[in-house]
>>> print(open('run18.txt').read())   # compact mmCIF, C-alpha atoms and all ligand atoms
# COMPACT_ATOMS: atom_id res chain seq x y z
CA MET A 1 138.53 48.83 101.95
CA GLY A 2 135.22 47.52 100.75
CA GLU A 3 134.63 45.75 97.52
CA MET A 4 132.17 46.05 94.66
CA LYS A 5 129.54 43.30 94.43
CA VAL A 6 126.82 42.62 91.88
CA VAL A 7 123.59 41.50 93.56
CA GLY A 8 120.66 39.83 91.74
CA GLY A 9 122.13 38.69 88.44
CA ASN A 10 124.88 39.86 86.20
CA LEU A 11 126.19 43.39 85.69
CA SER A 12 123.48 44.35 83.15
CA GLU A 13 120.56 43.09 85.27
CA GLY A 14 121.54 43.33 88.92
CA ILE A 15 122.50 46.16 91.22
CA ILE A 16 125.96 47.01 92.45
CA THR A 17 126.68 47.45 96.12
CA THR A 18 129.89 49.02 97.28
CA LYS A 19 131.42 51.43 99.74
CA LEU A 20 132.20 54.95 98.66
CA ASP A 21 135.95 54.58 99.15
CA ALA A 22 135.96 51.39 97.06
CA LEU A 23 134.08 53.18 94.29
CA LEU A 24 136.50 56.11 94.42
CA GLY A 25 139.50 53.76 94.35
CA TRP A 26 138.07 51.97 91.32
CA ALA A 27 137.47 55.27 89.50
CA ARG A 28 140.85 56.74 90.46
CA LYS A 29 142.86 53.82 89.18
CA TYR A 30 141.63 54.53 85.64
CA SER A 31 142.43 58.23 85.84
CA LEU A 32 146.05 58.61 86.87
CA PHE A 33 147.58 61.89 85.74
CA GLN A 34 151.32 61.56 85.74
CA TYR A 35 154.12 64.01 86.45
CA PRO A 36 157.30 62.77 84.73
CA PHE A 37 160.47 63.85 86.56
CA ALA A 38 162.87 62.56 83.91
CA THR A 39 166.56 63.26 84.38
CA ALA A 40 168.57 60.66 82.49
CA CYS A 41 168.68 57.82 79.97
CA CYS A 42 165.63 56.03 81.46
CA GLY A 43 163.61 58.89 80.00
CA MET A 44 163.85 57.36 76.51
CA GLU A 45 162.18 54.18 77.70
CA PHE A 46 159.56 56.14 79.61
CA PHE A 47 158.53 57.95 76.44
CA ALA A 48 158.53 54.66 74.51
CA VAL A 49 155.76 53.43 76.82
CA ALA A 50 153.60 56.32 75.67
CA SER A 51 153.87 55.15 72.04
CA PRO A 52 150.97 53.37 70.30
CA ARG A 53 152.81 50.04 70.49
CA TYR A 54 152.35 49.88 74.28
CA ASP A 55 149.19 51.99 74.41
CA ILE A 56 149.26 53.29 77.97
CA ALA A 57 145.99 55.08 77.17
CA ARG A 58 144.07 51.84 77.74
CA PHE A 59 144.92 52.23 81.45
CA GLY A 60 143.74 55.84 81.56
CA ALA A 61 147.28 56.97 82.38
CA GLU A 62 148.45 58.56 79.16
CA ALA A 63 148.06 62.24 80.08
CA PRO A 64 151.16 63.92 81.54
CA ARG A 65 150.72 67.03 83.64
CA PHE A 66 153.60 69.42 84.12
CA SER A 67 152.02 71.02 87.14
CA PRO A 68 152.35 69.03 90.37
CA ARG A 69 148.99 70.36 91.55
CA GLN A 70 147.26 68.57 88.69
CA SER A 71 149.15 65.29 89.03
CA ASP A 72 148.43 62.05 90.87
CA VAL A 73 151.58 60.04 90.19
CA LEU A 74 155.16 61.29 90.38
CA TRP A 75 157.30 59.20 88.04
CA VAL A 76 160.93 59.58 89.05
CA VAL A 77 162.77 58.54 85.91
CA GLY A 78 166.56 58.30 86.05
CA THR A 79 169.43 59.31 88.27
CA ILE A 80 168.78 61.88 90.99
CA SER A 81 171.73 63.97 92.11
CA GLN A 82 172.10 65.60 95.52
CA ARG A 83 171.34 68.97 93.93
CA GLN A 84 168.12 67.68 92.37
CA GLY A 85 166.92 66.13 95.63
CA PRO A 86 165.38 69.30 97.14
CA VAL A 87 163.61 70.09 93.84
CA LEU A 88 162.09 66.62 93.74
CA LYS A 89 160.93 66.93 97.34
CA ARG A 90 159.35 70.30 96.62
CA ILE A 91 157.44 68.93 93.66
CA TYR A 92 156.17 66.02 95.75
CA GLU A 93 155.03 68.40 98.47
CA GLN A 94 153.14 70.52 95.93
CA MET A 95 151.08 67.55 94.74
CA THR A 96 147.70 67.20 96.38
CA GLU A 97 146.51 64.05 98.14
CA PRO A 98 146.03 61.30 97.24
CA LYS A 99 149.36 60.95 95.45
CA TRP A 100 151.69 58.14 94.53
CA VAL A 101 155.35 57.80 93.55
CA VAL A 102 156.96 55.38 91.09
CA ALA A 103 160.73 54.81 91.06
CA PHE A 104 161.47 54.12 87.40
CA GLY A 105 164.68 52.19 86.83
CA THR A 106 167.58 51.07 88.95
CA CYS A 107 169.03 54.55 89.47
CA ALA A 108 165.79 55.94 90.88
CA SER A 109 165.24 52.78 92.95
CA CYS A 110 168.65 52.50 94.59
CA GLY A 111 171.19 54.74 92.86
CA GLY A 112 172.25 52.04 90.41
CA PHE A 113 175.96 51.85 89.72
CA TYR A 114 176.48 55.47 90.75
CA ASP A 115 178.07 54.70 94.09
CA ASN A 116 179.41 58.21 94.67
CA TYR A 117 178.86 61.35 96.69
CA THR A 118 176.83 63.18 94.05
CA THR A 119 174.06 60.59 93.54
CA ILE A 120 171.16 59.88 95.88
CA PRO A 121 171.07 56.11 96.49
CA GLY A 122 167.34 55.75 95.86
CA VAL A 123 164.61 58.38 95.81
CA ASP A 124 162.94 56.79 98.82
CA LYS A 125 165.53 58.74 100.82
CA ILE A 126 163.54 61.85 99.84
CA VAL A 127 159.95 60.85 98.99
CA PRO A 128 157.89 57.74 99.84
CA VAL A 129 157.93 55.27 96.94
CA ASP A 130 154.90 53.11 96.13
CA VAL A 131 156.24 51.08 93.20
CA TYR A 132 159.82 50.19 92.27
CA ILE A 133 160.51 49.23 88.66
CA PRO A 134 163.96 47.65 88.37
CA GLY A 135 165.96 47.65 85.14
CA CYS A 136 168.65 49.70 83.44
CA PRO A 137 166.50 50.86 81.80
CA PRO A 138 163.32 48.87 82.51
CA ARG A 139 161.61 47.37 79.48
CA PRO A 140 158.24 48.93 78.58
CA GLU A 141 156.55 45.67 79.60
CA ALA A 142 158.03 46.05 83.08
CA VAL A 143 156.75 49.63 83.20
CA LEU A 144 153.25 48.43 82.35
CA ASP A 145 153.58 45.76 85.06
CA GLY A 146 154.51 48.56 87.49
CA LEU A 147 151.56 50.64 86.40
CA MET A 148 149.17 47.73 86.92
CA LEU A 149 150.64 47.13 90.39
CA LEU A 150 150.06 50.79 91.16
CA MET A 151 146.46 50.60 89.90
CA GLU A 152 145.86 47.65 92.20
CA LYS A 153 147.24 49.63 95.15
CA VAL A 154 145.09 52.64 94.25
CA GLN A 155 141.96 50.50 94.18
CA LYS A 156 142.74 48.70 97.44
CA GLY A 157 144.03 51.82 99.18
CA THR A 158 147.22 50.08 100.33
CA ARG A 159 150.48 52.01 100.74
CA GLU A 160 153.08 49.27 101.24
CA PRO A 161 155.79 49.61 98.57
CA VAL A 162 155.87 46.91 95.90
CA THR A 163 158.52 45.91 93.37
CA VAL A 164 157.90 44.70 89.84
CA PRO A 165 159.04 41.05 89.66
CA PRO A 166 161.33 39.98 86.81
CA ARG A 167 159.71 38.78 83.59
CA GLU A 168 160.85 35.80 81.57
CA VAL A 169 162.43 37.09 78.34
CA PRO A 170 160.56 35.16 75.56
CA GLY A 171 163.73 34.40 73.56
CA LEU A 172 165.50 32.94 76.61
CA ALA A 173 162.43 30.90 77.56
CA GLN A 174 162.39 29.36 74.07
CA LEU A 175 166.09 28.53 74.28
CA ARG A 176 165.62 26.90 77.67
CA ALA A 177 162.67 24.87 76.44
CA LYS A 178 164.68 23.74 73.40
CA LYS A 179 167.57 22.68 75.59
CA ALA A 180 165.32 20.76 77.96
CA ARG A 181 163.53 18.90 75.14
CA PRO A 182 164.88 15.33 74.71
CA THR A 183 166.54 14.77 71.34
CA ALA A 184 164.62 12.40 69.04
CA THR A 185 166.61 9.31 68.10
CA THR A 186 166.27 7.37 64.90
CA PRO A 187 167.46 3.85 64.07
CA SER A 188 170.33 5.30 62.04
CA GLY A 189 171.32 7.46 64.95
CA GLU A 190 170.34 10.70 63.17
CA GLY A 191 169.21 13.49 65.41
CA GLU A 192 171.47 12.46 68.28
CA SER A 193 173.82 15.13 69.46
S1 LIG B 1 168.88 52.92 85.39
FE1 LIG B 1 170.31 52.80 83.64
S2 LIG B 1 169.15 53.64 81.91
FE2 LIG B 1 168.12 54.34 83.81
S3 LIG B 1 169.01 56.32 84.29
FE3 LIG B 1 170.18 54.77 85.41
S4 LIG B 1 171.93 54.32 84.03
FE4 LIG B 1 170.34 55.35 82.79
>>> encode(input="run18.txt", output="structure tokens")
Amino acid sequence: MGEMKVVGGNLSEGIITTKLDALLGWARKYSLFQYPFATACCGMEFFAVASPRYDIARFGAEAPRFSPRQSDVLWVVGTISQRQGPVLKRIYEQMTEPKWVVAFGTCASCGGFYDNYTTIPGVDKIVPVDVYIPGCPPRPEAVLDGLMLLMEKVQKGTREPVTVPPREVPGLAQLRAKKARPTATTPSGEGES
């Protein structure tokens, strides 16, 4: 894929050179219409991401479409049973190209703790997955990380699957830092532990 370059000054003065596919990728990544295929408890967290606190609208991805023909991203949210598998596949096939798939949560990514004959051990057995978001359920911050990874893929035109890396939980990071900090000693011995 090509890249966008500003020639002859900054963005307000110069001219932009790019390839058409790079321009399309850049435009597409800010206009991702999503199809939520929500089946289980992960759905609650998915809807939380749409709240003003997380403001998914700033990424241009806030509008759900309940017609596969109008959707760009299939969000598979929750556990997928063997009976739901063919329905999911049908929906994916009805989406027009280009299209992307996000596996939201551990169940969608690998079946989670449902190691039984009714549950599909990961939706990539049925449809190609672009982004895996681990977690049971994933935190909204992880979902936003997944969305940004997807936007990067859309712009670059790459199709290799990616997984959202774990985030440091702020509270745990503070505890670790506190533990690592050397204790101040005073002549009277106060502060030693
Ligand atoms: S990953 Fe956890 S929260 Fe999400 S659907 Fe499975 S059991 Fe429910």
>>> residues_around(input="run18.txt", residues="stretch 92-109 of chain A", least_positions_apart="3", cutoff="9 Å", atoms="all atoms listed in the file", output="PDB file with C-alpha atoms, keeping the file's coordinate frame")
ATOM      1  CA  CYS A  42     165.630  56.030  81.460  1.00  0.00           C
ATOM      2  CA  PHE A  46     159.560  56.140  79.610  1.00  0.00           C
ATOM      3  CA  SER A  67     152.020  71.020  87.140  1.00  0.00           C
ATOM      4  CA  PRO A  68     152.350  69.030  90.370  1.00  0.00           C
ATOM      5  CA  ARG A  69     148.990  70.360  91.550  1.00  0.00           C
ATOM      6  CA  GLN A  70     147.260  68.570  88.690  1.00  0.00           C
ATOM      7  CA  SER A  71     149.150  65.290  89.030  1.00  0.00           C
ATOM      8  CA  ASP A  72     148.430  62.050  90.870  1.00  0.00           C
ATOM      9  CA  VAL A  73     151.580  60.040  90.190  1.00  0.00           C
ATOM     10  CA  LEU A  74     155.160  61.290  90.380  1.00  0.00           C
ATOM     11  CA  TRP A  75     157.300  59.200  88.040  1.00  0.00           C
ATOM     12  CA  VAL A  76     160.930  59.580  89.050  1.00  0.00           C
ATOM     13  CA  VAL A  77     162.770  58.540  85.910  1.00  0.00           C
ATOM     14  CA  GLY A  78     166.560  58.300  86.050  1.00  0.00           C
ATOM     15  CA  THR A  79     169.430  59.310  88.270  1.00  0.00           C
ATOM     16  CA  ILE A  80     168.780  61.880  90.990  1.00  0.00           C
ATOM     17  CA  VAL A  87     163.610  70.090  93.840  1.00  0.00           C
ATOM     18  CA  LEU A  88     162.090  66.620  93.740  1.00  0.00           C
ATOM     19  CA  LYS A  89     160.930  66.930  97.340  1.00  0.00           C
ATOM     20  CA  GLY A 112     172.250  52.040  90.410  1.00  0.00           C
ATOM     21  CA  PHE A 113     175.960  51.850  89.720  1.00  0.00           C
ATOM     22  CA  TYR A 114     176.480  55.470  90.750  1.00  0.00           C
ATOM     23  CA  THR A 119     174.060  60.590  93.540  1.00  0.00           C
ATOM     24  CA  ILE A 120     171.160  59.880  95.880  1.00  0.00           C
ATOM     25  CA  PRO A 121     171.070  56.110  96.490  1.00  0.00           C
ATOM     26  CA  GLY A 122     167.340  55.750  95.860  1.00  0.00           C
ATOM     27  CA  VAL A 123     164.610  58.380  95.810  1.00  0.00           C
ATOM     28  CA  ASP A 124     162.940  56.790  98.820  1.00  0.00           C
ATOM     29  CA  VAL A 127     159.950  60.850  98.990  1.00  0.00           C
ATOM     30  CA  PRO A 128     157.890  57.740  99.840  1.00  0.00           C
ATOM     31  CA  VAL A 129     157.930  55.270  96.940  1.00  0.00           C
ATOM     32  CA  ASP A 130     154.900  53.110  96.130  1.00  0.00           C
ATOM     33  CA  VAL A 131     156.240  51.080  93.200  1.00  0.00           C
ATOM     34  CA  TYR A 132     159.820  50.190  92.270  1.00  0.00           C
ATOM     35  CA  ILE A 133     160.510  49.230  88.660  1.00  0.00           C
ATOM     36  CA  PRO A 134     163.960  47.650  88.370  1.00  0.00           C
ATOM     37  CA  GLY A 135     165.960  47.650  85.140  1.00  0.00           C
ATOM     38  CA  CYS A 136     168.650  49.700  83.440  1.00  0.00           C
ATOM     39  CA  PRO A 137     166.500  50.860  81.800  1.00  0.00           C
ATOM     40  CA  PRO A 138     163.320  48.870  82.510  1.00  0.00           C
ATOM     41  CA  VAL A 143     156.750  49.630  83.200  1.00  0.00           C
ATOM     42  CA  GLY A 146     154.510  48.560  87.490  1.00  0.00           C
ATOM     43  CA  LEU A 147     151.560  50.640  86.400  1.00  0.00           C
ATOM     44  CA  LEU A 150     150.060  50.790  91.160  1.00  0.00           C
ATOM     45  CA  VAL A 154     145.090  52.640  94.250  1.00  0.00           C
ATOM     46  CA  ARG A 159     150.480  52.010 100.740  1.00  0.00           C
TER      47      ARG A 159
END
>>> atom_distance(input="run18.txt", atom1="atom FE2 of ligand LIG 1 (chain B)", atom2="atom CA of A:Arg139")
10.5 Å
>>> axis_aligned_box(input="run18.txt", around="ligand LIG 1 (chain B)", padding_each_side="3 Å", output="lines of an AutoDock Vina configuration file")
center_x = 170.0
center_y = 54.6
center_z = 83.7
size_x = 9.8
size_y = 9.5
size_z = 9.5
>>> closest_residue(input="run18.txt", among="A:Phe66, A:Trp26, A:Phe37, A:Tyr117", to="ligand LIG 1 (chain B)", atoms="all atoms listed in the file")
A:Phe37
>>> closest_residue(input="run18.txt", among="A:Gln34, A:Gly25, A:Gly43, A:Thr163", to="ligand LIG 1 (chain B)", atoms="all atoms listed in the file")
A:Gly43
>>> closest_residue(input="run18.txt", among="A:Thr18, A:Ser31, A:Ser51, A:Ser81", to="ligand LIG 1 (chain B)", atoms="all atoms listed in the file")
A:Ser81
>>> closest_residue(input="run18.txt", among="A:Gly111, A:Ala63, A:Ala57, A:Pro36", to="ligand LIG 1 (chain B)", atoms="all atoms listed in the file")
A:Gly111
>>> atom_distance(input="run18.txt", atom1="atom S1 of ligand LIG 1 (chain B)", atom2="atom CA of A:Glu45")
10.3 Å
>>> closest_residue(input="run18.txt", among="A:Thr158, A:Thr39, A:Gln84, A:Asn116", to="ligand LIG 1 (chain B)", atoms="all atoms listed in the file")
A:Thr39
>>> closest_residue(input="run18.txt", among="A:Val49, A:Glu168, A:Cys110, A:Asp55", to="ligand LIG 1 (chain B)", atoms="all atoms listed in the file")
A:Cys110
>>> atom_distance(input="run18.txt", atom1="atom CA of A:Arg176", atom2="atom CA of A:Val164")
22.9 Å
